[in-house]
Amino acid sequence: MAYKKTVTATKEEGGNEVPGIVDGNPNTRWAAEGMPQTVIVDLEDVYSINEVGLTPYQNRAYQYKVETSLDGKDYTFVVDRTGNTDGASFLKDEFPTVNARYVKLTATGAHGYTGGWVSFHEFRIYGTKFELDKVTLKAASQTVLPEEHVSLSLTGVMTDKKEADLSNATVKFESSQPEVVSFSKDGKIIIADYVKDVRSFDVWATVVLDEKEVKSEAISITIHPTIEHTQQLLSNYENSKMVKGPLVPQLRNSLQQALHHKEKGHLDQEIHHLSNFIKHISNESLKEYVTPEAKDVLLQDVQKLILILKGEEN
Ligand SMILES: [Ca+2]
């Protein structure tokens with residue numbers, strides 16, 4: 001993780017400059033004369049870190065401490081090996097996960113070595129980068145009229161529990177009824193003019209941020225009928241001969257009257273004419289003029305319309 005990141009040191013020897021400690025090459029090294037000496041690695045982003053590894057020059061038993069920081073000012077100890085007496089080709093230290101951008105290594109001495117030089121081939125830092133963990137999809141309303149464009153909004157949480165910045169994320173909205181439901185570029189639900197018998201659907205979003213793909217939970221949207229929509233539905237059924245004969249003018253007239261009273265604000269009359277619609281379409285003596293499928297959809301929509309107008313459903 002430290003590999004070829006920005007690194008600075010209190011001092012460096014010509015030929016063994018500080019970038020040699022993070023270049024991934026076991027033959028190059030950083031060296032500085034005198035103790036203590038400090039190296040600071042800037043990881044250039046915040047990571048969850050839980051392990052560091054050091055490759056001391058000539059397997060020396062360096063004594064050192066490691067501190068981490070989010071801002072490069074306030075540092076917290078994660079490793080204290082200032083009493084170390086072990087010489088090895090690789091010194092490894094694990095510690096509880098910390099979130100950090102800066103990692104500071106300070107060599108304070110070396111057990112059994114009196115040369116006075118600090119020198120390491122490599123300084124490795126292990127952990128994970130924060131990524132998108134969860135996205136939540138919300139709709140401005142979970143009921144929608146056919147002509148309405150309900151807005152969708154998305155929020156995300158990163159693996160460090162902080163809110164995700166989704167401004168550069170790729171977002172794809174999908175639905176369980178792709179023939180009827182589409183989405184505008186700014187995240188609005190668009191319902192096709194002819195919704196057939198679809199009265200509810202699920203929507204969800206797939207979000208890609210920094211190559212991490214996360215899918216939201218689906219939310220359920222219900223399409224509420226309107227008189228205008230029912231008129232259009234009736235025309236469609238008429239065109240496909242699913243409603244015909246003397247039933248057509250009766251149904252049309254009921255809707256027309258209901259719409260007229262709706263515009264006047266006469267709620268009782270609006271409901272009265274919608275109830276007439278139900279009476280006509282349920283008339284056994286006219287049942288040869290409507291297919292069971294068309295009857296089902298029209299009846300359900302107008303019954304729902306009445307319930308909504310009566311305030312018994314929202
Ligand atoms: Ca190196």
# chains A, B, ... in the order shown; residues from 1 in each chain; ligands from 1

$ select_by_dssp --residues "stretch 181-235 of chain A" --states "strand (DSSP E)" --output "PyMOL selection string"
chain A and resi 181-183+189-191+200-209+212-215+219-223

$ write_last_selection --atoms "C-alpha atoms" --output "PDB file, in the first residue's frame"
ATOM      1  CA  VAL A 181     -41.382   1.670 -16.723  1.00  0.00           C
ATOM      2  CA  SER A 182     -38.385   3.676 -17.866  1.00  0.00           C
ATOM      3  CA  PHE A 183     -36.174   6.282 -16.219  1.00  0.00           C
ATOM      4  CA  ILE A 189     -39.716   7.245 -13.076  1.00  0.00           C
ATOM      5  CA  ILE A 190     -41.483   7.460 -16.433  1.00  0.00           C
ATOM      6  CA  ILE A 191     -44.531   5.296 -16.981  1.00  0.00           C
ATOM      7  CA  SER A 200     -47.325  -2.080  -9.282  1.00  0.00           C
ATOM      8  CA  PHE A 201     -43.659  -2.665  -9.908  1.00  0.00           C
ATOM      9  CA  ASP A 202     -40.327  -2.782  -8.137  1.00  0.00           C
ATOM     10  CA  VAL A 203     -37.454  -0.422  -8.838  1.00  0.00           C
ATOM     11  CA  TRP A 204     -33.845  -0.744  -7.791  1.00  0.00           C
ATOM     12  CA  ALA A 205     -30.503   0.842  -8.609  1.00  0.00           C
ATOM     13  CA  THR A 206     -27.078  -0.538  -9.390  1.00  0.00           C
ATOM     14  CA  VAL A 207     -24.311   1.879  -8.450  1.00  0.00           C
ATOM     15  CA  VAL A 208     -20.662   1.629  -9.467  1.00  0.00           C
ATOM     16  CA  LEU A 209     -18.171   3.769  -7.560  1.00  0.00           C
ATOM     17  CA  LYS A 212     -17.118  -1.338  -6.748  1.00  0.00           C
ATOM     18  CA  GLU A 213     -20.649  -2.339  -7.756  1.00  0.00           C
ATOM     19  CA  VAL A 214     -23.454  -2.214  -5.172  1.00  0.00           C
ATOM     20  CA  LYS A 215     -27.136  -2.911  -5.733  1.00  0.00           C
ATOM     21  CA  ILE A 219     -38.727  -0.529  -3.538  1.00  0.00           C
ATOM     22  CA  SER A 220     -42.285  -1.162  -4.565  1.00  0.00           C
ATOM     23  CA  ILE A 221     -44.233   1.492  -6.472  1.00  0.00           C
ATOM     24  CA  THR A 222     -47.999   1.358  -6.969  1.00  0.00           C
ATOM     25  CA  ILE A 223     -49.658   2.990  -9.966  1.00  0.00           C
TER      26      ILE A 223
END

$ residues_near_ligand --ligand "ligand 1" --cutoff "9 Å" --atoms "only C-alpha atoms and all ligand atoms" --output "ChimeraX atom specification"
/A:19-30,55,120-123

$ residues_around --residues "A:Lys138" --least-positions-apart "5" --cutoff "10 Å" --atoms "only C-alpha atoms" --output "list of chain:residue names"
A:Ser151, A:Leu152, A:Ser153, A:Leu154, A:Thr155, A:Val203, A:Trp204, A:Ser216, A:Glu217, A:Ala218, A:Ile219

$ residues_around --residues "A:Lys295" --least-positions-apart "6" --cutoff "12 Å" --atoms "only C-alpha atoms" --output "VMD selection string"
chain A and resid 197 230 233 to 234 237 to 238 242 to 244 247 251 277 to 284 286 to 289 301 to 303

$ write_last_selection --atoms "N, CA and C atoms" --output "short mmCIF file (atom, residue, chain, number, x, y, z; two decimals), in the first residue's frame"
data_model
loop_
_atom_site.label_atom_id
_atom_site.label_comp_id
_atom_site.auth_asym_id
_atom_site.auth_seq_id
_atom_site.Cartn_x
_atom_site.Cartn_y
_atom_site.Cartn_z
N ASP A 197 -52.20 -3.97 -17.72
CA ASP A 197 -52.76 -4.27 -16.40
C ASP A 197 -51.71 -4.14 -15.29
N THR A 230 -58.15 6.01 -17.15
CA THR A 230 -59.17 4.99 -17.40
C THR A 230 -59.85 5.23 -18.76
N LEU A 233 -57.48 3.91 -21.27
CA LEU A 233 -57.50 2.45 -21.21
C LEU A 233 -58.73 1.92 -21.95
N LEU A 234 -59.87 2.57 -21.72
CA LEU A 234 -61.12 2.18 -22.37
C LEU A 234 -60.99 2.29 -23.90
N TYR A 237 -58.98 -0.57 -25.18
CA TYR A 237 -59.77 -1.81 -25.21
C TYR A 237 -60.78 -1.77 -26.35
N GLU A 238 -61.31 -0.59 -26.60
CA GLU A 238 -62.27 -0.42 -27.69
C GLU A 238 -61.59 -0.72 -29.04
N MET A 242 -61.99 -5.31 -27.26
CA MET A 242 -62.19 -6.01 -26.00
C MET A 242 -63.39 -5.43 -25.25
N VAL A 243 -63.75 -4.21 -25.63
CA VAL A 243 -65.00 -3.62 -25.16
C VAL A 243 -65.72 -3.12 -26.41
N LYS A 244 -67.01 -3.41 -26.52
CA LYS A 244 -67.70 -3.02 -27.76
C LYS A 244 -69.20 -2.84 -27.51
N LEU A 247 -72.21 -1.09 -24.61
CA LEU A 247 -71.49 -0.84 -23.34
C LEU A 247 -70.54 0.35 -23.45
N LEU A 251 -70.10 3.40 -20.67
CA LEU A 251 -68.87 3.53 -19.88
C LEU A 251 -68.22 4.90 -20.12
N PHE A 277 -70.35 3.64 -13.54
CA PHE A 277 -69.42 2.91 -14.41
C PHE A 277 -69.37 1.44 -13.96
N ILE A 278 -69.25 1.25 -12.65
CA ILE A 278 -69.16 -0.10 -12.10
C ILE A 278 -70.45 -0.88 -12.36
N LYS A 279 -71.57 -0.18 -12.21
CA LYS A 279 -72.87 -0.80 -12.46
C LYS A 279 -72.95 -1.29 -13.92
N HIS A 280 -72.55 -0.40 -14.85
CA HIS A 280 -72.63 -0.77 -16.27
C HIS A 280 -71.72 -1.95 -16.61
N ILE A 281 -70.50 -1.86 -16.17
CA ILE A 281 -69.55 -2.90 -16.57
C ILE A 281 -69.88 -4.24 -15.90
N SER A 282 -70.62 -4.17 -14.77
CA SER A 282 -71.00 -5.40 -14.07
C SER A 282 -72.35 -5.93 -14.54
N ASN A 283 -72.99 -5.20 -15.45
CA ASN A 283 -74.33 -5.59 -15.93
C ASN A 283 -74.26 -6.93 -16.69
N GLU A 284 -74.89 -7.93 -16.08
CA GLU A 284 -74.84 -9.29 -16.65
C GLU A 284 -75.40 -9.35 -18.07
N LEU A 286 -75.07 -7.29 -20.35
CA LEU A 286 -74.15 -6.71 -21.36
C LEU A 286 -72.79 -7.40 -21.36
N LYS A 287 -72.72 -8.55 -20.70
CA LYS A 287 -71.39 -9.15 -20.49
C LYS A 287 -70.75 -9.65 -21.79
N GLU A 288 -71.56 -9.87 -22.82
CA GLU A 288 -70.96 -10.31 -24.10
C GLU A 288 -70.16 -9.20 -24.77
N TYR A 289 -70.32 -7.95 -24.25
CA TYR A 289 -69.64 -6.82 -24.89
C TYR A 289 -68.29 -6.46 -24.23
N ASP A 301 -59.63 -0.74 -11.44
CA ASP A 301 -59.15 0.65 -11.46
C ASP A 301 -60.21 1.60 -10.92
N VAL A 302 -61.45 1.42 -11.36
CA VAL A 302 -62.50 2.36 -10.94
C VAL A 302 -62.86 2.14 -9.46
N GLN A 303 -62.83 0.89 -9.03
CA GLN A 303 -63.05 0.63 -7.59
C GLN A 303 -61.97 1.31 -6.76
#

$ residues_around --residues "stretch 95-103 of chain A" --least-positions-apart "6" --cutoff "12 Å" --atoms "only C-alpha atoms" --output "VMD selection string"
chain A and resid 1 to 2 5 to 9 38 to 53 65 to 80 123 to 130 159 to 161

$ write_last_selection --atoms "C-alpha atoms" --output "PDB file, in the first residue's frame"
ATOM      1  CA  MET A   1       0.000   0.000   0.000  1.00  0.00           C
ATOM      2  CA  ALA A   2       2.990   2.289   0.599  1.00  0.00           C
ATOM      3  CA  LYS A   5       3.658   6.685  -2.527  1.00  0.00           C
ATOM      4  CA  THR A   6       4.940  10.100  -1.430  1.00  0.00           C
ATOM      5  CA  VAL A   7       7.579   9.647   1.244  1.00  0.00           C
ATOM      6  CA  THR A   8       9.671  12.118   3.214  1.00  0.00           C
ATOM      7  CA  ALA A   9      12.483  11.654   5.737  1.00  0.00           C
ATOM      8  CA  THR A  38      11.865   9.476  10.844  1.00  0.00           C
ATOM      9  CA  VAL A  39      10.118   8.568   7.602  1.00  0.00           C
ATOM     10  CA  ILE A  40       6.577   9.651   6.794  1.00  0.00           C
ATOM     11  CA  VAL A  41       4.559   7.882   4.080  1.00  0.00           C
ATOM     12  CA  ASP A  42       1.614   9.763   2.623  1.00  0.00           C
ATOM     13  CA  LEU A  43      -0.797   7.130   1.276  1.00  0.00           C
ATOM     14  CA  GLU A  44      -2.607   9.927  -0.609  1.00  0.00           C
ATOM     15  CA  ASP A  45      -5.985   8.603   0.576  1.00  0.00           C
ATOM     16  CA  VAL A  46      -7.489   7.196   3.760  1.00  0.00           C
ATOM     17  CA  TYR A  47      -7.064   3.466   4.303  1.00  0.00           C
ATOM     18  CA  SER A  48      -7.936   0.993   7.055  1.00  0.00           C
ATOM     19  CA  ILE A  49      -4.515  -0.172   8.199  1.00  0.00           C
ATOM     20  CA  ASN A  50      -3.757  -3.123  10.471  1.00  0.00           C
ATOM     21  CA  GLU A  51      -0.213  -4.219   9.697  1.00  0.00           C
ATOM     22  CA  VAL A  52       3.239  -2.900   8.813  1.00  0.00           C
ATOM     23  CA  GLY A  53       6.405  -4.717   7.776  1.00  0.00           C
ATOM     24  CA  LYS A  65       7.822   3.030  16.673  1.00  0.00           C
ATOM     25  CA  VAL A  66       5.033   3.533  14.149  1.00  0.00           C
ATOM     26  CA  GLU A  67       2.370   6.216  14.360  1.00  0.00           C
ATOM     27  CA  THR A  68      -0.545   6.974  12.049  1.00  0.00           C
ATOM     28  CA  SER A  69      -2.519  10.092  11.266  1.00  0.00           C
ATOM     29  CA  LEU A  70      -5.534  11.169   9.233  1.00  0.00           C
ATOM     30  CA  ASP A  71      -4.442  14.779   8.781  1.00  0.00           C
ATOM     31  CA  GLY A  72      -0.635  14.631   9.017  1.00  0.00           C
ATOM     32  CA  LYS A  73      -0.698  16.629  12.261  1.00  0.00           C
ATOM     33  CA  ASP A  74      -2.147  14.495  15.035  1.00  0.00           C
ATOM     34  CA  TYR A  75      -0.462  11.119  15.269  1.00  0.00           C
ATOM     35  CA  THR A  76      -1.486   8.013  17.218  1.00  0.00           C
ATOM     36  CA  PHE A  77       0.843   5.172  18.250  1.00  0.00           C
ATOM     37  CA  VAL A  78       0.094   1.845  16.647  1.00  0.00           C
ATOM     38  CA  VAL A  79       3.417   0.046  17.160  1.00  0.00           C
ATOM     39  CA  ASP A  80       6.003   0.472  19.890  1.00  0.00           C
ATOM     40  CA  PHE A 123       8.619  -0.316   4.622  1.00  0.00           C
ATOM     41  CA  ARG A 124       5.335  -2.066   3.832  1.00  0.00           C
ATOM     42  CA  ILE A 125       1.878  -0.987   4.990  1.00  0.00           C
ATOM     43  CA  TYR A 126      -1.100  -3.375   4.821  1.00  0.00           C
ATOM     44  CA  GLY A 127      -4.801  -2.678   4.917  1.00  0.00           C
ATOM     45  CA  THR A 128      -7.786  -1.942   2.747  1.00  0.00           C
ATOM     46  CA  LYS A 129      -9.096   1.103   0.995  1.00  0.00           C
ATOM     47  CA  PHE A 130     -12.572   2.342   1.793  1.00  0.00           C
ATOM     48  CA  THR A 159     -17.056   0.775   4.466  1.00  0.00           C
ATOM     49  CA  ASP A 160     -15.937   3.284   7.128  1.00  0.00           C
ATOM     50  CA  LYS A 161     -19.668   4.097   7.734  1.00  0.00           C
TER      51      LYS A 161
END

$ closest_residue --among "A:Glu312, A:Asp165, A:Glu12, A:Asp93" --to "A:Leu132" --atoms "only C-alpha atoms"
A:Asp165

$ select_by_dssp --residues "stretch 88-283 of chain A" --states "helix (DSSP H, G or I)" --output "PyMOL selection string"
chain A and resi 227-239+247-264+267-281

$ write_last_selection --atoms "N, CA and C atoms" --output "compact mmCIF listing (two decimals), in the first residue's frame"
# COMPACT_ATOMS: atom_id res chain seq x y z
N ILE A 227 -59.07 9.18 -13.74
CA ILE A 227 -60.19 9.08 -14.70
C ILE A 227 -59.64 9.16 -16.12
N GLU A 228 -58.73 10.12 -16.33
CA GLU A 228 -58.15 10.29 -17.68
C GLU A 228 -57.48 9.01 -18.15
N HIS A 229 -56.76 8.40 -17.23
CA HIS A 229 -56.08 7.18 -17.59
C HIS A 229 -57.07 6.07 -17.91
N THR A 230 -58.15 6.01 -17.15
CA THR A 230 -59.17 4.99 -17.40
C THR A 230 -59.85 5.23 -18.76
N GLN A 231 -60.02 6.51 -19.10
CA GLN A 231 -60.58 6.84 -20.43
C GLN A 231 -59.68 6.30 -21.54
N GLN A 232 -58.40 6.51 -21.34
CA GLN A 232 -57.45 6.04 -22.35
C GLN A 232 -57.42 4.52 -22.45
N LEU A 233 -57.48 3.91 -21.27
CA LEU A 233 -57.50 2.45 -21.21
C LEU A 233 -58.73 1.92 -21.95
N LEU A 234 -59.87 2.57 -21.72
CA LEU A 234 -61.12 2.18 -22.37
C LEU A 234 -60.99 2.29 -23.90
N SER A 235 -60.38 3.40 -24.37
CA SER A 235 -60.16 3.57 -25.81
C SER A 235 -59.30 2.44 -26.37
N ASN A 236 -58.27 2.10 -25.61
CA ASN A 236 -57.39 1.02 -26.07
C ASN A 236 -58.15 -0.30 -26.18
N TYR A 237 -58.98 -0.57 -25.18
CA TYR A 237 -59.77 -1.81 -25.21
C TYR A 237 -60.78 -1.77 -26.35
N GLU A 238 -61.31 -0.59 -26.60
CA GLU A 238 -62.27 -0.42 -27.69
C GLU A 238 -61.59 -0.72 -29.04
N ASN A 239 -60.40 -0.15 -29.21
CA ASN A 239 -59.64 -0.36 -30.45
C ASN A 239 -59.33 -1.83 -30.68
N LEU A 247 -72.21 -1.09 -24.61
CA LEU A 247 -71.49 -0.84 -23.34
C LEU A 247 -70.54 0.35 -23.45
N VAL A 248 -69.99 0.54 -24.66
CA VAL A 248 -68.98 1.59 -24.84
C VAL A 248 -69.51 2.98 -24.50
N PRO A 249 -70.65 3.42 -25.09
CA PRO A 249 -71.12 4.77 -24.75
C PRO A 249 -71.50 4.92 -23.27
N GLN A 250 -72.01 3.86 -22.68
CA GLN A 250 -72.38 3.92 -21.25
C GLN A 250 -71.15 4.17 -20.38
N LEU A 251 -70.10 3.40 -20.67
CA LEU A 251 -68.87 3.53 -19.88
C LEU A 251 -68.22 4.90 -20.12
N ARG A 252 -68.18 5.29 -21.40
CA ARG A 252 -67.58 6.58 -21.76
C ARG A 252 -68.29 7.73 -21.07
N ASN A 253 -69.61 7.66 -21.13
CA ASN A 253 -70.43 8.72 -20.55
C ASN A 253 -70.20 8.83 -19.04
N SER A 254 -70.13 7.68 -18.37
CA SER A 254 -69.91 7.69 -16.92
C SER A 254 -68.58 8.38 -16.59
N LEU A 255 -67.56 8.04 -17.37
CA LEU A 255 -66.24 8.63 -17.11
C LEU A 255 -66.27 10.13 -17.41
N GLN A 256 -66.92 10.48 -18.51
CA GLN A 256 -67.00 11.89 -18.91
C GLN A 256 -67.70 12.72 -17.82
N GLN A 257 -68.80 12.18 -17.32
CA GLN A 257 -69.54 12.86 -16.26
C GLN A 257 -68.70 12.98 -14.98
N ALA A 258 -68.02 11.88 -14.66
CA ALA A 258 -67.18 11.88 -13.46
C ALA A 258 -66.08 12.93 -13.58
N LEU A 259 -65.49 13.02 -14.76
CA LEU A 259 -64.41 14.00 -14.99
C LEU A 259 -64.95 15.43 -14.89
N HIS A 260 -66.12 15.62 -15.45
CA HIS A 260 -66.78 16.93 -15.40
C HIS A 260 -66.97 17.36 -13.95
N HIS A 261 -67.47 16.47 -13.13
CA HIS A 261 -67.72 16.82 -11.72
C HIS A 261 -66.42 16.94 -10.93
N LYS A 262 -65.43 16.20 -11.36
CA LYS A 262 -64.11 16.32 -10.72
C LYS A 262 -63.59 17.75 -10.93
N GLU A 263 -63.69 18.21 -12.19
CA GLU A 263 -63.21 19.56 -12.52
C GLU A 263 -63.99 20.63 -11.77
N LYS A 264 -65.26 20.36 -11.51
CA LYS A 264 -66.11 21.32 -10.76
C LYS A 264 -65.88 21.21 -9.25
N LEU A 267 -67.27 16.25 -5.45
CA LEU A 267 -66.75 14.92 -5.12
C LEU A 267 -67.84 13.85 -5.13
N ASP A 268 -69.00 14.17 -4.52
CA ASP A 268 -70.08 13.18 -4.43
C ASP A 268 -70.56 12.76 -5.82
N GLN A 269 -70.70 13.75 -6.71
CA GLN A 269 -71.14 13.45 -8.08
C GLN A 269 -70.09 12.66 -8.84
N GLU A 270 -68.84 13.01 -8.59
CA GLU A 270 -67.75 12.27 -9.23
C GLU A 270 -67.83 10.79 -8.84
N ILE A 271 -67.99 10.55 -7.54
CA ILE A 271 -68.08 9.17 -7.04
C ILE A 271 -69.35 8.49 -7.59
N HIS A 272 -70.44 9.25 -7.66
CA HIS A 272 -71.72 8.71 -8.16
C HIS A 272 -71.55 8.17 -9.59
N HIS A 273 -70.90 8.95 -10.46
CA HIS A 273 -70.75 8.52 -11.85
C HIS A 273 -69.75 7.38 -12.00
N LEU A 274 -68.78 7.37 -11.13
CA LEU A 274 -67.85 6.24 -11.15
C LEU A 274 -68.57 4.97 -10.69
N SER A 275 -69.48 5.13 -9.74
CA SER A 275 -70.28 3.98 -9.29
C SER A 275 -71.17 3.48 -10.43
N ASN A 276 -71.67 4.42 -11.25
CA ASN A 276 -72.45 4.03 -12.43
C ASN A 276 -71.61 3.21 -13.40
N PHE A 277 -70.35 3.64 -13.54
CA PHE A 277 -69.42 2.91 -14.41
C PHE A 277 -69.37 1.44 -13.96
N ILE A 278 -69.25 1.25 -12.65
CA ILE A 278 -69.16 -0.10 -12.10
C ILE A 278 -70.45 -0.88 -12.36
N LYS A 279 -71.57 -0.18 -12.21
CA LYS A 279 -72.87 -0.80 -12.46
C LYS A 279 -72.95 -1.29 -13.92
N HIS A 280 -72.55 -0.40 -14.85
CA HIS A 280 -72.63 -0.77 -16.27
C HIS A 280 -71.72 -1.95 -16.61
N ILE A 281 -70.50 -1.86 -16.17
CA ILE A 281 -69.55 -2.90 -16.57
C ILE A 281 -69.88 -4.24 -15.90

$ atom_distance --atom1 "atom CA of A:Gln37" --atom2 "atom CA of A:Gln63"
11.1 Å

$ closest_residue --among "A:Gly14, A:Gly34, A:Gly265, A:Pro225" --to "A:Thr114" --atoms "only C-alpha atoms"
A:Gly34

$ closest_residue --among "A:Thr291, A:Thr10, A:Thr226, A:Ser119" --to "A:Lys104" --atoms "only C-alpha atoms"
A:Thr10

$ atom_distance --atom1 "atom CA of A:Tyr3" --atom2 "atom CA of A:Glu17"
15.0 Å

$ closest_residue --among "A:Glu211, A:Asp186, A:Asp296, A:Glu13" --to "A:Ala31" --atoms "only C-alpha atoms"
A:Glu13

$ atom_distance --atom1 "atom CA of A:Lys185" --atom2 "atom CA of A:Leu145"
19.8 Å
